[in-house]
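protein08.csv (CSV, C-alpha atoms) appears below.
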```csv
chain,number,residue,atom,x,y,z
A,910,MET,CA,-39.3,5.8,-4.5
A,911,PRO,CA,-36.2,6.2,-2.3
A,912,LYS,CA,-32.9,6.5,-4.0
A,913,GLN,CA,-30.9,3.3,-4.1
A,914,VAL,CA,-27.5,3.5,-2.3
A,915,ASP,CA,-24.7,1.2,-3.4
A,916,PRO,CA,-23.3,-0.1,0.0
A,917,HIS,CA,-19.8,-0.8,-1.5
A,918,GLN,CA,-19.7,2.8,-2.9
A,919,ARG,CA,-20.8,4.2,0.5
A,920,ARG,CA,-18.2,2.1,2.4
A,921,THR,CA,-15.6,3.3,-0.1
A,922,LEU,CA,-16.6,6.9,0.5
A,923,LEU,CA,-16.1,6.3,4.2
A,924,ALA,CA,-12.8,4.5,3.7
A,925,ASP,CA,-11.6,7.6,1.7
A,926,ALA,CA,-12.6,9.8,4.6
A,927,LEU,CA,-10.7,7.5,7.0
A,928,LEU,CA,-7.6,7.7,4.8
A,929,ARG,CA,-7.6,11.5,4.8
A,930,VAL,CA,-8.2,11.6,8.6
A,931,ALA,CA,-5.5,9.0,9.2
A,932,ALA,CA,-3.0,10.8,7.0
A,933,THR,CA,-3.3,14.0,9.1
A,934,ARG,CA,-4.2,12.7,12.6
A,935,GLY,CA,-2.7,9.2,12.7
A,936,LEU,CA,-4.9,6.1,13.1
A,937,MET,CA,-4.8,6.1,16.9
A,938,ASP,CA,-6.7,9.3,17.0
A,939,VAL,CA,-9.2,8.3,14.3
A,940,SER,CA,-12.7,7.8,15.6
A,941,LEU,CA,-16.0,7.0,13.8
A,942,ARG,CA,-17.0,10.6,14.6
A,943,HIS,CA,-13.9,12.0,12.8
A,944,VAL,CA,-14.6,9.8,9.8
A,945,ALA,CA,-18.3,10.9,9.7
A,946,ALA,CA,-17.3,14.6,9.9
A,947,GLU,CA,-14.7,14.2,7.1
A,948,ALA,CA,-17.2,12.3,4.9
A,949,GLY,CA,-20.0,14.8,5.7
A,950,VAL,CA,-22.3,12.1,7.1
A,951,THR,CA,-23.6,11.2,10.5
A,952,ALA,CA,-21.8,9.0,13.0
A,953,GLY,CA,-24.8,6.7,12.8
A,954,MET,CA,-24.3,6.2,9.1
A,955,VAL,CA,-20.7,5.2,9.7
A,956,GLN,CA,-21.8,2.7,12.4
A,957,HIS,CA,-24.4,1.3,9.9
A,958,TYR,CA,-21.6,0.3,7.5
A,959,PHE,CA,-18.9,-0.5,10.1
A,960,ARG,CA,-19.6,-2.0,13.5
A,961,THR,CA,-16.1,-1.4,14.8
A,962,LYS,CA,-13.1,0.8,14.1
A,963,ASP,CA,-11.0,-2.2,13.2
A,964,GLU,CA,-13.6,-3.4,10.6
A,965,MET,CA,-13.3,0.1,9.1
A,966,MET,CA,-9.5,-0.1,9.1
A,967,VAL,CA,-9.4,-3.5,7.4
A,968,PHE,CA,-11.8,-2.2,4.7
A,969,ALA,CA,-9.6,0.8,4.2
A,970,LEU,CA,-6.7,-1.5,3.6
A,971,ASP,CA,-8.8,-3.3,1.0
A,972,VAL,CA,-9.5,0.1,-0.7
A,973,VAL,CA,-5.8,0.9,-0.8
A,974,SER,CA,-4.9,-2.5,-2.1
A,975,ALA,CA,-7.5,-2.2,-4.9
A,976,ARG,CA,-6.1,1.2,-5.9
A,977,VAL,CA,-2.6,-0.2,-6.1
A,978,GLN,CA,-3.8,-3.1,-8.1
A,979,ALA,CA,-5.7,-0.8,-10.5
A,980,ARG,CA,-2.6,1.3,-11.1
A,981,LEU,CA,-0.5,-1.8,-11.6
A,982,GLU,CA,-3.0,-3.2,-14.2
A,983,ALA,CA,-3.0,0.2,-16.0
A,984,ASP,CA,0.9,0.2,-16.2
A,985,PRO,CA,1.9,-1.2,-19.6
A,986,THR,CA,5.5,-1.9,-18.4
A,987,THR,CA,4.2,-4.9,-16.3
A,988,HIS,CA,4.2,-6.9,-19.5
A,989,ASP,CA,7.9,-6.4,-20.1
A,990,GLY,CA,9.1,-9.3,-18.0
A,991,PRO,CA,9.6,-10.3,-14.3
A,992,ARG,CA,11.9,-7.4,-13.4
A,993,ALA,CA,9.6,-4.8,-14.9
A,994,LEU,CA,6.6,-6.3,-13.1
A,995,VAL,CA,8.3,-6.2,-9.7
A,996,ARG,CA,9.5,-2.7,-10.4
A,997,ALA,CA,6.0,-1.5,-11.3
A,998,LEU,CA,4.6,-3.0,-8.1
A,999,LEU,CA,7.3,-1.5,-5.9
A,1000,VAL,CA,7.1,1.9,-7.5
A,1001,GLN,CA,3.3,1.8,-6.6
A,1002,LEU,CA,4.4,1.7,-2.9
A,1003,LEU,CA,6.7,4.7,-3.1
A,1004,PRO,CA,5.2,8.2,-2.4
A,1005,VAL,CA,6.0,9.6,-5.9
A,1006,ASP,CA,2.8,11.6,-6.3
A,1007,ASP,CA,0.0,13.0,-4.1
A,1008,ASP,CA,-2.1,9.9,-4.0
A,1009,ARG,CA,0.8,7.6,-3.1
A,1010,ALA,CA,2.0,10.1,-0.5
A,1011,LEU,CA,-1.4,10.0,1.2
A,1012,GLU,CA,-1.3,6.2,1.0
A,1013,GLY,CA,2.3,6.2,2.3
A,1014,ARG,CA,1.4,8.3,5.4
A,1015,VAL,CA,-1.5,6.0,6.0
A,1016,ALA,CA,0.7,2.9,5.6
A,1017,ILE,CA,3.0,4.1,8.3
A,1018,ALA,CA,0.0,4.8,10.6
A,1019,PHE,CA,-1.4,1.3,9.8
A,1020,HIS,CA,1.8,-0.4,10.9
A,1021,ALA,CA,1.8,1.5,14.2
A,1022,TYR,CA,-1.9,0.8,14.7
A,1023,ALA,CA,-1.5,-2.9,13.9
A,1024,ALA,CA,1.1,-3.3,16.6
A,1025,SER,CA,-1.7,-3.5,19.2
A,1026,ARG,CA,-4.5,-4.8,16.9
A,1027,PRO,CA,-4.4,-8.5,16.0
A,1028,ALA,CA,-7.0,-8.3,13.3
A,1029,VAL,CA,-5.3,-5.5,11.4
A,1030,ALA,CA,-1.8,-7.0,12.0
A,1031,THR,CA,-3.0,-10.3,10.5
A,1032,ARG,CA,-4.2,-8.5,7.4
A,1033,LEU,CA,-0.9,-6.7,7.0
A,1034,ARG,CA,1.0,-9.9,7.4
A,1035,GLU,CA,-1.1,-11.6,4.8
A,1036,ASP,CA,-0.6,-8.7,2.3
A,1037,THR,CA,3.2,-8.7,2.9
A,1038,ARG,CA,3.5,-12.4,2.6
A,1039,GLY,CA,1.6,-12.4,-0.7
A,1040,MET,CA,3.8,-9.6,-2.1
A,1041,ARG,CA,7.0,-11.2,-0.9
A,1042,ALA,CA,6.0,-14.6,-2.5
A,1043,MET,CA,5.1,-12.9,-5.8
A,1044,ILE,CA,8.4,-10.9,-5.9
A,1045,ALA,CA,10.4,-14.0,-5.0
A,1046,GLU,CA,8.7,-16.0,-7.8
A,1047,GLN,CA,9.5,-13.3,-10.3
A,1048,ILE,CA,13.1,-13.2,-9.2
A,1049,ARG,CA,13.3,-17.0,-9.6
A,1050,SER,CA,11.8,-16.9,-13.1
A,1051,GLY,CA,13.6,-13.9,-14.5
A,1052,GLY,CA,16.8,-13.4,-12.4
A,1053,ARG,CA,20.4,-14.5,-12.7
A,1054,SER,CA,21.4,-13.3,-9.2
A,1055,ALA,CA,23.3,-15.4,-6.7
A,1056,LEU,CA,21.0,-13.9,-4.0
A,1057,ASP,CA,18.3,-16.2,-2.5
A,1058,PRO,CA,15.0,-15.1,-4.0
A,1059,GLU,CA,13.2,-15.0,-0.7
A,1060,GLN,CA,15.9,-12.9,0.9
A,1061,ALA,CA,16.0,-10.6,-2.1
A,1062,ALA,CA,12.2,-10.2,-2.0
A,1063,THR,CA,12.3,-9.4,1.7
A,1064,GLY,CA,15.2,-6.9,1.1
A,1065,LEU,CA,13.3,-5.2,-1.7
A,1066,LEU,CA,10.1,-4.8,0.3
A,1067,SER,CA,12.0,-3.5,3.3
A,1068,LEU,CA,14.0,-1.1,1.1
A,1069,VAL,CA,10.8,0.3,-0.4
A,1070,GLU,CA,9.2,0.8,3.1
A,1071,GLY,CA,12.3,2.6,4.3
A,1072,LEU,CA,12.5,4.7,1.1
A,1073,ALA,CA,8.9,5.7,1.6
A,1074,VAL,CA,9.6,6.9,5.1
A,1075,HIS,CA,12.6,8.9,3.8
A,1076,VAL,CA,10.7,10.5,0.9
A,1077,LEU,CA,7.8,11.4,3.2
A,1078,GLY,CA,10.2,12.9,5.8
A,1079,GLY,CA,11.9,14.9,3.1
A,1080,HIS,CA,15.3,13.1,3.5
A,1081,VAL,CA,15.5,12.1,-0.2
A,1082,SER,CA,13.5,13.0,-3.3
A,1083,ALA,CA,11.1,10.7,-5.0
A,1084,ASP,CA,13.5,10.5,-8.0
A,1085,HIS,CA,16.4,9.5,-5.7
A,1086,ALA,CA,14.2,6.8,-4.1
A,1087,VAL,CA,13.3,5.4,-7.5
A,1088,ALA,CA,16.9,5.4,-8.6
A,1089,THR,CA,17.9,3.6,-5.4
A,1090,LEU,CA,15.2,1.0,-6.0
A,1091,ASP,CA,16.4,0.5,-9.6
A,1092,ALA,CA,20.0,-0.2,-8.3
A,1093,HIS,CA,18.7,-2.8,-5.9
A,1094,LEU,CA,16.4,-4.4,-8.5
A,1095,ALA,CA,19.5,-4.8,-10.7
A,1096,MET,CA,21.3,-6.7,-7.9
A,1097,ALA,CA,18.2,-8.8,-7.0
A,1098,PHE,CA,17.8,-9.9,-10.6
A,1099,GLY,CA,21.5,-10.3,-11.3
A,1100,PHE,CA,21.9,-7.4,-13.7
A,1101,VAL,CA,24.8,-5.1,-13.2
A,1102,SER,CA,25.3,-2.0,-15.4
A,1103,ALA,CA,28.7,-1.5,-17.1
A,1104,GLU,CA,29.6,1.4,-14.8
A,1105,HIS,CA,29.3,-0.9,-11.7
A,1106,ARG,CA,31.3,-3.8,-13.1
```

Could you render the structure from this file as structure tokens?
Amino acid sequence: MPKQVDPHQRRTLLADALLRVAATRGLMDVSLRHVAAEAGVTAGMVQHYFRTKDEMMVFALDVVSARVQARLEADPTTHDGPRALVRALLVQLLPVDDDRALEGRVAIAFHAYAASRPAVATRLREDTRGMRAMIAEQIRSGGRSALDPEQAATGLLSLVEGLAVHVLGGHVSADHAVATLDAHLAMAFGFVSAEHR
């Protein structure tokens, strides 16, 4: 009897290969052939699971999102209130370890790739809109800031994207990026430490 293959598991294996290739070559240079070689399978197998490169890209975004969500759910600090939840989410987007550095390099490549690919751009906009809405809601429910929650959420997401680029480029350390995020979270939630009063 032939061995049963889990299609989702196989697609995830291929998405992992895509992420590794994208992190080193950039998404514009990724091909089904490159992904097949990285995964150790045939190009025909990749085409069996993904009809187009864009379909493979969107699935890879799903894989990254699922990993971020799993790390977030495993983080006990997410139960310490709205500010802690937002911090936990945004720290997941910073390249503070090898896995997140890989995801960060891929995220930069995805943004560049999406500029000319409507299907991928739509998915990125949906993800960003969802994160911004969640952050704004947490600021509304747990903050005392005079800042508009929507603007504060946009600022925090933009800050984290910029910090990720700076960490990946070696301009600042991961610790410095996290400390900078913490300072801006304090402002967004209306908490100012005694030393900054």

Residues of segment 966-1017 of chain A that have any atom at most 10 Å from an atom of segment 1021-1028 of chain A: could you tabulate them with the shortest-distance atom pair and the distance in Å to one decimal, using all atoms listed in the file, ordered by chain and increasing number, as a Markdown table?
```
| residue | atom | partner | partner_atom | distance |
| --- | --- | --- | --- | --- |
| A:Met966 | CA | A:Tyr1022 | CA | 9.5 |
| A:Val967 | CA | A:Ala1028 | CA | 8.0 |
| A:Val1015 | CA | A:Ala1021 | CA | 9.9 |
| A:Ala1016 | CA | A:Ala1021 | CA | 8.8 |
| A:Ile1017 | CA | A:Ala1021 | CA | 6.6 |
```

Can I get the selected residues back with C-alpha atoms, as a PDB file, in the coordinates of the input?
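What follows is the written file part_11.pdb:
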```pdb
ATOM      1  CA  MET A 966      -9.500  -0.100   9.100  1.00  0.00           C
ATOM      2  CA  VAL A 967      -9.400  -3.500   7.400  1.00  0.00           C
ATOM      3  CA  VAL A1015      -1.500   6.000   6.000  1.00  0.00           C
ATOM      4  CA  ALA A1016       0.700   2.900   5.600  1.00  0.00           C
ATOM      5  CA  ILE A1017       3.000   4.100   8.300  1.00  0.00           C
TER       6      ILE A1017
END
```

Students should find that atom CA of His917 of chain A and atom CA of Ala969 of chain A are spaced 11.8 Å

Take the point (-13.9, 9.5, 5.3) as written in the file and pick out every residue within 8 Å of it, counting all atoms listed in the file; give the list as a compact mmCIF listing (two decimals) with C-alpha atoms, in the coordinates of the input.
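Generated file (selection-v4.txt):
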```
# COMPACT_ATOMS: atom_id res chain seq x y z
CA LEU A 922 -16.60 6.90 0.50
CA LEU A 923 -16.10 6.30 4.20
CA ALA A 924 -12.80 4.50 3.70
CA ASP A 925 -11.60 7.60 1.70
CA ALA A 926 -12.60 9.80 4.60
CA LEU A 927 -10.70 7.50 7.00
CA LEU A 928 -7.60 7.70 4.80
CA ARG A 929 -7.60 11.50 4.80
CA VAL A 930 -8.20 11.60 8.60
CA HIS A 943 -13.90 12.00 12.80
CA VAL A 944 -14.60 9.80 9.80
CA ALA A 945 -18.30 10.90 9.70
CA ALA A 946 -17.30 14.60 9.90
CA GLU A 947 -14.70 14.20 7.10
CA ALA A 948 -17.20 12.30 4.90
```

Find the residues near Gly1099 of chain A: any atom within 10 Å, counting only C-alpha atoms, skip ones fewer than 6 places away on the same chain, and give them as a PyMOL selection string.
chain A and resi 1048+1051-1056+1093

Please, which residues are within 10 Å of (8.2, 0.6, -5.2) by the file's coordinates, counting all atoms listed in the file, and could they come as a PyMOL selection string?
chain A and resi 995-1005+1065-1066+1068-1070+1072-1073+1086-1087+1090-1091
